[in-house]
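*Asks:* Encoded as structure tokens, here's the structure I'll be asking about.
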Amino acid sequence: EVEKNVFDTFVEDVSNSDRLIKYGLAGRFNLLLSGPPGTGKSLIAGHVAAQLNKPIYTVRLDSMISSLLGDTAKNIRSVFDFSARKKGVLFIDEVDAVAKLRDDKHEVGELKRVVNTLIQGLDSLDDDSIVIAATNHAGLLDPAIWRRFPYSIKFEYPDADLRRVMWEHFLYDDHGEQKPLRSL
């Protein structure tokens with residue numbers, strides 16, 4: 001119920017961003033989705049973009065990592081430069097790939113610079129920019145990342161009752177007959 005309220009509030013706030021900005025009430029329209037794999041984080045990001053009638057631009061931060069010193073930060077900066085020119089939803093998947101705690105003694109200086117680049121990129125966006133990030137490992141995120149996402153939803157695996165409803169919905173038609181399985 002709480003997660004549904006956060007979702008509804010986020011969509012409503014973004015939908016009314018012009019009015020909020022006009023009266024100086026807008027903050028960041030950033031939503032952080034956290035939880036185990038396969039719980040619908042990417043699906044929800046796409047649903048938000050559809051609700052807002054905006055294109056979604058997906059970037060997986062783990063694919064931005066380069067072995068060359070400085071290239072990872074440059075790749076991340078290019079994402080935010082691109083996003084600033086487009087008026088869509090920037091979906092950052094696997095944000096934990098680079099947004100890890102900067103006080104980790106085992107991490108090298110390069111990772112700390114990359115986290116700073118991510119923070120600077122988020123801070124550089126206009127007030128009406130929309131960013132959704134997803135992570136499977138919320139506990140690994142730097143607190144400064146959490147502060148850039150005023151809206152957050154935590155996903156859990158569905159309980160037995162919800163799994164039963166989902167099975168019935170996807171496997172059986174309205175007459176109780178098994179739906180034909182689609183081949184790949």
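Identifiers in this document derive from the order of the structure tokens: chains are assigned A, B, ..., residues are numbered from 1 separately in each chain, and ligands are numbered from 1 in order of occurrence.
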List as a list in words the protein and nucleic acid residues near Gly40 of chain A, meaning an atom at most 12 Å away when only C-alpha atoms are counted, but skip any in the same chain fewer than 5 places from it.

*Replies:*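 Within the cut-off, the hits are Leu33, Ser34, Gly35, Ala45, Gly46, His47, Ala134, Thr135, Asn136, Ile153, Lys154, Phe155, Glu156, Tyr157 and Pro158 of chain A.
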
*Asks:* Within 6 Å of segment 83-95 of chain A, counting only C-alpha atoms, which residues show up once you throw out same-chain ones fewer than 4 positions away? Write them as a PyMOL selection string, please.

*Replies:* chain A and resi 54-61+99+130-135

*Asks:* Suppose we keep N, CA and C atoms; can you now write the selection as a PDB file, in the first residue's frame?

*Replies:*
```
ATOM      1  N   LYS A  54       5.953   9.732 -22.108  1.00  0.00           N
ATOM      2  CA  LYS A  54       7.309  10.160 -22.432  1.00  0.00           C
ATOM      3  C   LYS A  54       8.131   8.952 -22.856  1.00  0.00           C
ATOM      4  N   PRO A  55       9.114   9.172 -23.718  1.00  0.00           N
ATOM      5  CA  PRO A  55       9.995   8.054 -24.074  1.00  0.00           C
ATOM      6  C   PRO A  55      10.887   7.697 -22.888  1.00  0.00           C
ATOM      7  N   ILE A  56      11.303   6.451 -22.857  1.00  0.00           N
ATOM      8  CA  ILE A  56      12.211   6.010 -21.801  1.00  0.00           C
ATOM      9  C   ILE A  56      13.565   5.698 -22.428  1.00  0.00           C
ATOM     10  N   TYR A  57      14.617   6.198 -21.805  1.00  0.00           N
ATOM     11  CA  TYR A  57      15.988   5.961 -22.244  1.00  0.00           C
ATOM     12  C   TYR A  57      16.664   5.141 -21.161  1.00  0.00           C
ATOM     13  N   THR A  58      16.979   3.905 -21.491  1.00  0.00           N
ATOM     14  CA  THR A  58      17.532   2.983 -20.503  1.00  0.00           C
ATOM     15  C   THR A  58      19.041   2.885 -20.655  1.00  0.00           C
ATOM     16  N   VAL A  59      19.727   3.003 -19.528  1.00  0.00           N
ATOM     17  CA  VAL A  59      21.174   2.804 -19.512  1.00  0.00           C
ATOM     18  C   VAL A  59      21.494   1.857 -18.360  1.00  0.00           C
ATOM     19  N   ARG A  60      22.300   0.862 -18.672  1.00  0.00           N
ATOM     20  CA  ARG A  60      22.783  -0.050 -17.634  1.00  0.00           C
ATOM     21  C   ARG A  60      24.175   0.410 -17.262  1.00  0.00           C
ATOM     22  N   LEU A  61      24.328   0.872 -16.043  1.00  0.00           N
ATOM     23  CA  LEU A  61      25.618   1.421 -15.626  1.00  0.00           C
ATOM     24  C   LEU A  61      26.724   0.375 -15.642  1.00  0.00           C
ATOM     25  N   ALA A  99      27.506   3.159  -8.021  1.00  0.00           N
ATOM     26  CA  ALA A  99      27.108   4.073  -6.945  1.00  0.00           C
ATOM     27  C   ALA A  99      27.371   3.507  -5.559  1.00  0.00           C
ATOM     28  N   ILE A 130      13.398  13.755 -15.333  1.00  0.00           N
ATOM     29  CA  ILE A 130      12.850  12.587 -14.636  1.00  0.00           C
ATOM     30  C   ILE A 130      13.883  11.472 -14.696  1.00  0.00           C
ATOM     31  N   VAL A 131      14.293  10.993 -13.522  1.00  0.00           N
ATOM     32  CA  VAL A 131      15.276   9.918 -13.447  1.00  0.00           C
ATOM     33  C   VAL A 131      14.702   8.809 -12.572  1.00  0.00           C
ATOM     34  N   ILE A 132      14.759   7.597 -13.096  1.00  0.00           N
ATOM     35  CA  ILE A 132      14.396   6.415 -12.314  1.00  0.00           C
ATOM     36  C   ILE A 132      15.629   5.524 -12.295  1.00  0.00           C
ATOM     37  N   ALA A 133      16.010   5.070 -11.115  1.00  0.00           N
ATOM     38  CA  ALA A 133      17.156   4.168 -10.978  1.00  0.00           C
ATOM     39  C   ALA A 133      16.683   2.884 -10.314  1.00  0.00           C
ATOM     40  N   ALA A 134      17.338   1.782 -10.662  1.00  0.00           N
ATOM     41  CA  ALA A 134      16.996   0.491 -10.079  1.00  0.00           C
ATOM     42  C   ALA A 134      18.249  -0.178  -9.549  1.00  0.00           C
ATOM     43  N   THR A 135      18.085  -0.866  -8.436  1.00  0.00           N
ATOM     44  CA  THR A 135      19.191  -1.605  -7.835  1.00  0.00           C
ATOM     45  C   THR A 135      18.677  -2.886  -7.194  1.00  0.00           C
TER      46      THR A 135
END
```

*Asks:* Taking only C-alpha atoms into account, name the residue in A:His175, A:Lys22, A:Arg164, A:Lys100 that is nearest to Ala138 of chain A.

*Replies:* A:Lys100

*Asks:* What's around Phe149 of chain A at 8 Å? Count only C-alpha atoms, leave out sequence neighbours fewer than 4 positions away in its own chain, and write the answer as an mmCIF file with C-alpha atoms, in the first residue's frame.

*Replies:*
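Saved result, selection.cif, follows:
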```cif
data_model
loop_
_atom_site.group_PDB
_atom_site.id
_atom_site.type_symbol
_atom_site.label_atom_id
_atom_site.label_comp_id
_atom_site.auth_asym_id
_atom_site.auth_seq_id
_atom_site.Cartn_x
_atom_site.Cartn_y
_atom_site.Cartn_z
ATOM 1 C CA ARG A 28 13.974 16.383 -7.885
ATOM 2 C CA PHE A 29 11.762 14.011 -9.831
ATOM 3 C CA ASN A 30 13.973 11.029 -9.097
ATOM 4 C CA LEU A 31 12.604 7.609 -8.162
ATOM 5 C CA LEU A 32 14.770 4.784 -6.780
ATOM 6 C CA ILE A 145 22.905 8.661 -3.979
#
```

*Asks:* Can you measure atom CA of Val48 of chain A to atom CA of Arg148 of chain A for me? One decimal in Å is fine.

*Replies:*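 We find that atom CA of Val48 of chain A and atom CA of Arg148 of chain A lie 18.5 Å from each other.
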
*Asks:* Among chain A, which residues does DSSP mark as strand (DSSP E or B) when it is run on the backbone? Keep the chain and numbering as in the structure and answer as a PyMOL selection string.

*Replies:* chain A and resi 29-34+56-60+89-93+100+130-135+141+151-154+172+178

*Asks:* To one decimal in Å, tell me the separation between atom CA of Arg113 of chain A and atom CA of Ala97 of chain A.

*Replies:*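 Calculated distance between atom CA of Arg113 of chain A and atom CA of Ala97 of chain A is 13.5 Å.
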
*Asks:* Determine, counting only C-alpha atoms, which protein, DNA and RNA residues have an atom within 9 Å of an atom of Ala26 of chain A; residues of the same chain fewer than 5 positions away are not included. Present the result as an mmCIF file with C-alpha atoms, in the first residue's frame.

*Replies:*
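Saved the output as part.cif:
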```cif
data_model
loop_
_atom_site.group_PDB
_atom_site.id
_atom_site.type_symbol
_atom_site.label_atom_id
_atom_site.label_comp_id
_atom_site.auth_asym_id
_atom_site.auth_seq_id
_atom_site.Cartn_x
_atom_site.Cartn_y
_atom_site.Cartn_z
ATOM 1 C CA ASP A 13 4.010 15.269 -8.984
ATOM 2 C CA SER A 17 5.737 19.612 -12.533
ATOM 3 C CA ASP A 18 5.032 22.890 -14.360
ATOM 4 C CA ARG A 19 2.817 24.098 -11.518
ATOM 5 C CA LEU A 20 5.214 22.874 -8.825
ATOM 6 C CA ILE A 21 8.182 24.567 -10.531
ATOM 7 C CA ASP A 127 14.212 20.624 -12.349
ATOM 8 C CA ASP A 128 11.821 18.958 -14.773
#
```

*Asks:* If you count only C-alpha atoms, which residues fall within 8 Å of Leu118 of chain A, apart from same-chain ones fewer than 2 positions away, as an mmCIF file with N, CA and C atoms, in the first residue's frame?

*Replies:*
```
data_model
loop_
_atom_site.group_PDB
_atom_site.id
_atom_site.type_symbol
_atom_site.label_atom_id
_atom_site.label_comp_id
_atom_site.auth_asym_id
_atom_site.auth_seq_id
_atom_site.Cartn_x
_atom_site.Cartn_y
_atom_site.Cartn_z
ATOM 1 N N ALA A 73 33.938 7.494 -16.105
ATOM 2 C CA ALA A 73 33.357 8.791 -15.754
ATOM 3 C C ALA A 73 32.921 9.541 -17.011
ATOM 4 N N ILE A 76 29.658 8.084 -18.246
ATOM 5 C CA ILE A 76 28.527 8.499 -17.410
ATOM 6 C C ILE A 76 28.151 9.950 -17.708
ATOM 7 N N ARG A 77 29.145 10.825 -17.864
ATOM 8 C CA ARG A 77 28.849 12.219 -18.215
ATOM 9 C C ARG A 77 28.083 12.304 -19.529
ATOM 10 N N ALA A 99 27.506 3.159 -8.021
ATOM 11 C CA ALA A 99 27.108 4.073 -6.945
ATOM 12 C C ALA A 99 27.371 3.507 -5.559
ATOM 13 N N VAL A 114 34.089 7.987 -9.930
ATOM 14 C CA VAL A 114 32.924 7.633 -10.738
ATOM 15 C C VAL A 114 31.636 7.929 -9.966
ATOM 16 N N VAL A 115 31.596 7.608 -8.677
ATOM 17 C CA VAL A 115 30.421 7.930 -7.852
ATOM 18 C C VAL A 115 30.212 9.441 -7.851
ATOM 19 N N ASN A 116 31.275 10.198 -7.706
ATOM 20 C CA ASN A 116 31.157 11.659 -7.739
ATOM 21 C C ASN A 116 30.613 12.135 -9.082
ATOM 22 N N GLN A 120 27.275 14.290 -9.598
ATOM 23 C CA GLN A 120 27.303 15.555 -10.333
ATOM 24 C C GLN A 120 26.350 15.520 -11.523
ATOM 25 N N GLY A 121 26.267 14.390 -12.193
ATOM 26 C CA GLY A 121 25.343 14.247 -13.321
ATOM 27 C C GLY A 121 23.900 14.394 -12.887
ATOM 28 N N LEU A 122 23.540 13.747 -11.786
ATOM 29 C CA LEU A 122 22.184 13.882 -11.263
ATOM 30 C C LEU A 122 21.886 15.322 -10.872
#
```
